[in-house]
file start-v3.tsv (TSV, C-alpha atoms)
chain	number	residue	atom	x	y	z
G	1	MET	CA	78.58	-40.30	17.98
G	2	ILE	CA	75.91	-42.93	17.44
G	3	PRO	CA	74.15	-43.21	14.06
G	4	ILE	CA	70.42	-43.87	14.12
G	5	ILE	CA	69.11	-45.21	10.81
G	6	LEU	CA	65.37	-44.88	10.30
G	7	ALA	CA	64.22	-47.91	8.30
G	8	ALA	CA	60.78	-48.60	9.77
G	9	GLY	CA	58.65	-46.79	7.21
G	10	ALA	CA	55.75	-48.60	5.57
G	11	SER	CA	57.00	-47.59	2.07
G	12	THR	CA	53.41	-47.37	0.87
G	13	ARG	CA	54.22	-45.18	-2.14
G	14	MET	CA	57.25	-47.29	-3.04
G	15	GLY	CA	55.34	-50.55	-2.73
G	16	ARG	CA	58.27	-52.38	-1.16
G	17	ASN	CA	60.71	-51.98	1.69
G	18	LYS	CA	63.15	-49.14	0.98
G	19	ALA	CA	65.83	-50.68	3.21
G	20	LEU	CA	66.03	-53.64	0.83
G	21	LEU	CA	66.18	-51.72	-2.46
G	22	ASP	CA	69.20	-52.71	-4.52
G	23	PHE	CA	71.97	-50.19	-5.19
G	24	ASP	CA	74.84	-51.70	-7.16
G	25	GLY	CA	74.42	-55.11	-5.56
G	26	ARG	CA	73.95	-53.83	-2.01
G	27	THR	CA	70.80	-52.95	-0.16
G	28	ALA	CA	70.03	-49.36	0.75
G	29	LEU	CA	70.54	-50.25	4.41
G	30	GLU	CA	73.96	-51.77	3.73
G	31	ARG	CA	75.06	-48.65	1.84
G	32	VAL	CA	73.91	-46.37	4.64
G	33	LEU	CA	75.65	-48.47	7.29
G	34	GLU	CA	78.90	-48.34	5.30
G	35	ALA	CA	78.87	-44.53	5.52
G	36	TYR	CA	79.03	-44.76	9.31
G	37	ALA	CA	81.71	-47.41	9.68
G	38	GLY	CA	84.04	-46.47	12.51
G	39	LEU	CA	81.44	-44.66	14.61
G	40	GLY	CA	79.67	-46.14	17.61
G	41	PRO	CA	77.41	-49.13	17.02
G	42	PRO	CA	74.55	-47.90	14.81
G	43	ILE	CA	70.97	-48.16	15.95
G	44	VAL	CA	68.74	-49.36	13.10
G	45	VAL	CA	65.03	-48.80	13.58
G	46	LEU	CA	62.94	-51.40	11.78
G	47	GLY	CA	59.19	-51.80	11.37
G	48	PRO	CA	56.79	-54.73	11.32
G	49	ASP	CA	58.62	-56.29	8.35
G	50	HIS	CA	61.84	-56.52	10.39
G	51	ALA	CA	62.21	-60.24	9.75
G	52	ASP	CA	62.61	-59.62	6.00
G	53	VAL	CA	65.36	-57.06	6.61
G	54	GLN	CA	67.12	-59.20	9.19
G	55	ALA	CA	67.07	-62.16	6.78
G	56	ARG	CA	68.81	-60.16	4.02
G	57	VAL	CA	71.13	-57.76	5.88
G	58	ASP	CA	73.80	-58.67	8.42
G	59	LEU	CA	72.77	-56.72	11.51
G	60	SER	CA	75.10	-58.51	13.92
G	61	ARG	CA	77.06	-55.30	14.59
G	62	VAL	CA	74.11	-52.97	15.08
G	63	VAL	CA	71.52	-52.39	17.75
G	64	VAL	CA	68.05	-53.07	16.39
G	65	ALA	CA	65.12	-51.02	17.63
G	66	LEU	CA	61.57	-51.88	16.61
G	67	ASN	CA	58.82	-49.44	15.75
G	68	PRO	CA	55.71	-51.61	15.60
G	69	ASP	CA	53.57	-48.72	14.31
G	70	PRO	CA	55.33	-46.90	11.46
G	71	ALA	CA	52.05	-45.09	10.73
G	72	GLY	CA	53.00	-42.92	13.73
G	73	GLY	CA	55.51	-41.19	11.47
G	74	GLN	CA	59.23	-40.62	11.38
G	75	LEU	CA	59.30	-39.09	14.87
G	76	GLU	CA	58.04	-42.34	16.40
G	77	SER	CA	60.84	-44.22	14.65
G	78	LEU	CA	63.37	-41.69	15.89
G	79	LYS	CA	62.02	-42.04	19.43
G	80	ALA	CA	62.38	-45.84	19.21
G	81	GLY	CA	66.04	-45.37	18.34
G	82	LEU	CA	66.64	-42.69	20.96
G	83	ARG	CA	65.32	-44.96	23.71
G	84	LEU	CA	68.32	-47.23	23.02
G	85	LEU	CA	70.88	-44.42	22.82
G	86	PRO	CA	73.66	-44.95	25.37
G	87	ALA	CA	73.89	-42.30	28.09
G	88	GLY	CA	76.12	-39.35	27.25
G	89	GLU	CA	76.37	-40.12	23.52
G	90	ASP	CA	75.75	-37.55	20.81
G	91	PHE	CA	73.85	-38.92	17.83
G	92	LEU	CA	73.00	-38.41	14.21
G	93	PHE	CA	70.04	-39.69	12.29
G	94	GLN	CA	68.91	-40.21	8.75
G	95	PRO	CA	66.27	-42.12	6.81
G	96	VAL	CA	67.44	-45.27	5.05
G	97	ASP	CA	66.61	-43.85	1.63
G	98	PHE	CA	69.46	-41.31	1.74
G	99	VAL	CA	71.89	-43.79	0.21
G	100	LEU	CA	74.33	-41.34	-1.34
G	101	VAL	CA	75.86	-40.12	1.92
G	102	ARG	CA	79.52	-41.13	1.81
G	103	PRO	CA	82.04	-41.72	4.61
G	104	LEU	CA	84.08	-38.65	3.59
G	105	GLU	CA	81.01	-36.42	3.91
G	106	VAL	CA	80.22	-37.92	7.31
G	107	ARG	CA	83.76	-37.21	8.54
G	108	ARG	CA	83.53	-33.60	7.32
G	109	LEU	CA	80.20	-33.10	9.08
G	110	LEU	CA	81.55	-34.65	12.29
G	111	HIS	CA	84.58	-32.39	12.19
G	112	ALA	CA	82.43	-29.28	11.72
G	113	PHE	CA	80.02	-30.40	14.45
G	114	THR	CA	82.81	-31.12	16.93
G	115	ASP	CA	84.19	-27.61	16.51
G	116	ALA	CA	80.80	-25.85	16.65
G	117	ALA	CA	79.00	-24.63	19.75
G	118	VAL	CA	75.61	-25.79	18.50
G	119	SER	CA	73.09	-28.40	19.59
G	120	VAL	CA	72.03	-29.37	16.08
G	121	CYS	CA	73.85	-29.46	12.75
G	122	VAL	CA	71.90	-29.93	9.53
G	123	PRO	CA	73.72	-30.10	6.21
G	124	SER	CA	72.19	-28.14	3.37
G	125	HIS	CA	72.69	-27.47	-0.29
G	126	ALA	CA	71.05	-24.59	-2.17
G	127	ARG	CA	69.06	-23.80	0.99
G	128	ARG	CA	67.54	-27.28	1.13
G	129	ARG	CA	68.08	-29.23	4.32
G	130	GLY	CA	69.49	-32.73	4.10
G	131	HIS	CA	70.79	-35.63	6.15
G	132	PRO	CA	72.31	-36.75	8.37
G	133	VAL	CA	71.16	-34.48	11.17
G	134	LEU	CA	73.77	-34.33	13.96
G	135	CYS	CA	72.63	-33.66	17.54
G	136	ARG	CA	74.09	-33.24	20.99
G	137	ARG	CA	72.85	-35.73	23.58
G	138	ALA	CA	70.58	-33.15	25.26
G	139	MET	CA	68.43	-33.07	22.11
G	140	ALA	CA	67.41	-36.68	22.73
G	141	ASP	CA	65.40	-35.69	25.80
G	142	GLU	CA	63.70	-32.86	23.91
G	143	LEU	CA	62.78	-35.13	21.01
G	144	LEU	CA	61.51	-37.87	23.31
G	145	ALA	CA	59.29	-35.32	25.07
G	146	LEU	CA	57.48	-34.30	21.88
G	147	PRO	CA	53.84	-35.40	21.79
G	148	ALA	CA	52.48	-37.96	19.32
G	149	GLY	CA	51.84	-36.39	15.95
G	150	ALA	CA	54.53	-33.73	16.40
G	151	SER	CA	57.48	-33.28	14.09
G	152	ALA	CA	61.13	-33.47	15.08
G	153	ARG	CA	61.54	-30.09	13.38
G	154	GLU	CA	59.65	-28.51	16.30
G	155	ALA	CA	62.55	-29.27	18.62
G	156	LEU	CA	65.44	-29.21	16.15
G	157	PHE	CA	64.74	-25.81	14.64
G	158	ALA	CA	63.48	-24.07	17.76
G	159	ARG	CA	67.07	-23.25	18.70
G	160	PRO	CA	68.48	-19.93	17.59
G	161	GLU	CA	71.90	-21.38	16.77
call {"tool": "encode", "arguments": {"input": "start-v3.tsv", "output": "structure tokens"}}
result
Amino acid sequence: MIPIILAAGASTRMGRNKALLDFDGRTALERVLEAYAGLGPPIVVLGPDHADVQARVDLSRVVVALNPDPAGGQLESLKAGLRLLPAGEDFLFQPVDFVLVRPLEVRRLLHAFTDAAVSVCVPSHARRRGHPVLCRRAMADELLALPAGASAREALFARPE
């Protein structure tokens, strides 16, 4: 299972890079990466300000993907990460601003996903979908085939299971 962390957003409403926001002395990106320790090497998708992130966060143990046009939306960032996904690997993805996901929760989701005969697993609480979204490898091809301007939801929630 390979984590894909989406950290390429322009953060226009926030006014600064979400990946570098401080949470108890660690950046948002560092906190998210800690939740996935022990899984395959994470893929971190960065945007045009990648140099700032790389200067502040140790990314020596991750694969960095670049999305030069974050205005293309979250799907374009996901596609940038999926293009670097190793063959045959299942994956999960989440935006960098979901900093409260903990390793224990990740392990529980992985356990449930491993035992389920589904292509996609989306955690929810009170009928609200959350992250990370876990996907079988076959979903990568479907997501990569979506046209510009589409939403990942079109592929992820088109499955009856």
call {"tool": "residues_around", "arguments": {"input": "start-v3.tsv", "residues": "stretch 69-74 of chain G", "least_positions_apart": "3", "cutoff": "6 Å", "atoms": "only C-alpha atoms", "output": "VMD selection string"}}
result
chain G and resid 8 to 9 77
call {"tool": "residues_around", "arguments": {"input": "start-v3.tsv", "residues": "G:Leu85", "least_positions_apart": "3", "cutoff": "12 Å", "atoms": "only C-alpha atoms", "output": "JSON, numbers by chain"}}
result
{"G": [1, 2, 3, 4, 40, 41, 42, 43, 44, 45, 62, 63, 64, 65, 78, 79, 80, 81, 82, 88, 89, 90, 91, 92, 93, 136, 137, 138, 139, 140, 141, 144]}
call {"tool": "write_last_selection", "arguments": {"input": "start-v3.tsv", "atoms": "C-alpha atoms", "output": "mmCIF file, in the frame of the given file"}}
result
data_model
loop_
_atom_site.group_PDB
_atom_site.id
_atom_site.type_symbol
_atom_site.label_atom_id
_atom_site.label_comp_id
_atom_site.auth_asym_id
_atom_site.auth_seq_id
_atom_site.Cartn_x
_atom_site.Cartn_y
_atom_site.Cartn_z
ATOM 1 C CA MET G 1 78.580 -40.300 17.980
ATOM 2 C CA ILE G 2 75.910 -42.930 17.440
ATOM 3 C CA PRO G 3 74.150 -43.210 14.060
ATOM 4 C CA ILE G 4 70.420 -43.870 14.120
ATOM 5 C CA GLY G 40 79.670 -46.140 17.610
ATOM 6 C CA PRO G 41 77.410 -49.130 17.020
ATOM 7 C CA PRO G 42 74.550 -47.900 14.810
ATOM 8 C CA ILE G 43 70.970 -48.160 15.950
ATOM 9 C CA VAL G 44 68.740 -49.360 13.100
ATOM 10 C CA VAL G 45 65.030 -48.800 13.580
ATOM 11 C CA VAL G 62 74.110 -52.970 15.080
ATOM 12 C CA VAL G 63 71.520 -52.390 17.750
ATOM 13 C CA VAL G 64 68.050 -53.070 16.390
ATOM 14 C CA ALA G 65 65.120 -51.020 17.630
ATOM 15 C CA LEU G 78 63.370 -41.690 15.890
ATOM 16 C CA LYS G 79 62.020 -42.040 19.430
ATOM 17 C CA ALA G 80 62.380 -45.840 19.210
ATOM 18 C CA GLY G 81 66.040 -45.370 18.340
ATOM 19 C CA LEU G 82 66.640 -42.690 20.960
ATOM 20 C CA GLY G 88 76.120 -39.350 27.250
ATOM 21 C CA GLU G 89 76.370 -40.120 23.520
ATOM 22 C CA ASP G 90 75.750 -37.550 20.810
ATOM 23 C CA PHE G 91 73.850 -38.920 17.830
ATOM 24 C CA LEU G 92 73.000 -38.410 14.210
ATOM 25 C CA PHE G 93 70.040 -39.690 12.290
ATOM 26 C CA ARG G 136 74.090 -33.240 20.990
ATOM 27 C CA ARG G 137 72.850 -35.730 23.580
ATOM 28 C CA ALA G 138 70.580 -33.150 25.260
ATOM 29 C CA MET G 139 68.430 -33.070 22.110
ATOM 30 C CA ALA G 140 67.410 -36.680 22.730
ATOM 31 C CA ASP G 141 65.400 -35.690 25.800
ATOM 32 C CA LEU G 144 61.510 -37.870 23.310
#
call {"tool": "residues_near_point", "arguments": {"input": "start-v3.tsv", "point": "(70.3, -47.1, -2.0)", "cutoff": "6 Å", "atoms": "all atoms listed in the file", "output": "PyMOL selection string"}}
result
chain G and resi 23+28+99
call {"tool": "closest_residue", "arguments": {"input": "start-v3.tsv", "among": "G:Leu66, G:Ala148, G:Ala35, G:Leu104", "to": "G:His50", "atoms": "all atoms listed in the file"}}
result
G:Leu66
call {"tool": "closest_residue", "arguments": {"input": "start-v3.tsv", "among": "G:Ser124, G:Glu34, G:Leu75, G:Ile5", "to": "G:Ala155", "atoms": "only C-alpha atoms"}}
result
G:Leu75
call {"tool": "atom_distance", "arguments": {"input": "start-v3.tsv", "atom1": "atom CA of G:Leu29", "atom2": "atom CA of G:Val96"}}
result
5.9 Å
call {"tool": "closest_residue", "arguments": {"input": "start-v3.tsv", "among": "G:Ser119, G:Tyr36, G:Arg83, G:Gly149", "to": "G:Glu105", "atoms": "all atoms listed in the file"}}
result
G:Tyr36
call {"tool": "residues_around", "arguments": {"input": "start-v3.tsv", "residues": "G:Phe113", "least_positions_apart": "3", "cutoff": "12 Å", "atoms": "only C-alpha atoms", "output": "list in words"}}
result
Met1, Asp90, Phe91, Leu92, Val106, Arg107, Arg108, Leu109, Leu110, Ala116, Ala117, Val118, Ser119, Val120, Cys121, Val122, Pro123, Pro132, Val133, Leu134, Cys135 and Arg136 of chain G
call {"tool": "residues_around", "arguments": {"input": "start-v3.tsv", "residues": "G:Asn17", "least_positions_apart": "4", "cutoff": "12 Å", "atoms": "only C-alpha atoms", "output": "VMD selection string"}}
result
chain G and resid 7 to 13 21 to 22 27 to 29 46 to 53 56 96 to 97
call {"tool": "residues_around", "arguments": {"input": "start-v3.tsv", "residues": "G:Phe98", "least_positions_apart": "4", "cutoff": "8 Å", "atoms": "all atoms listed in the file", "output": "number ranges by chain"}}
result
G: 32, 94, 131
call {"tool": "atom_distance", "arguments": {"input": "start-v3.tsv", "atom1": "atom CA of G:Leu143", "atom2": "atom CA of G:Asp58"}}
result
28.9 Å
call {"tool": "atom_distance", "arguments": {"input": "start-v3.tsv", "atom1": "atom CA of G:Asn67", "atom2": "atom CA of G:Glu154"}}
result
21.0 Å
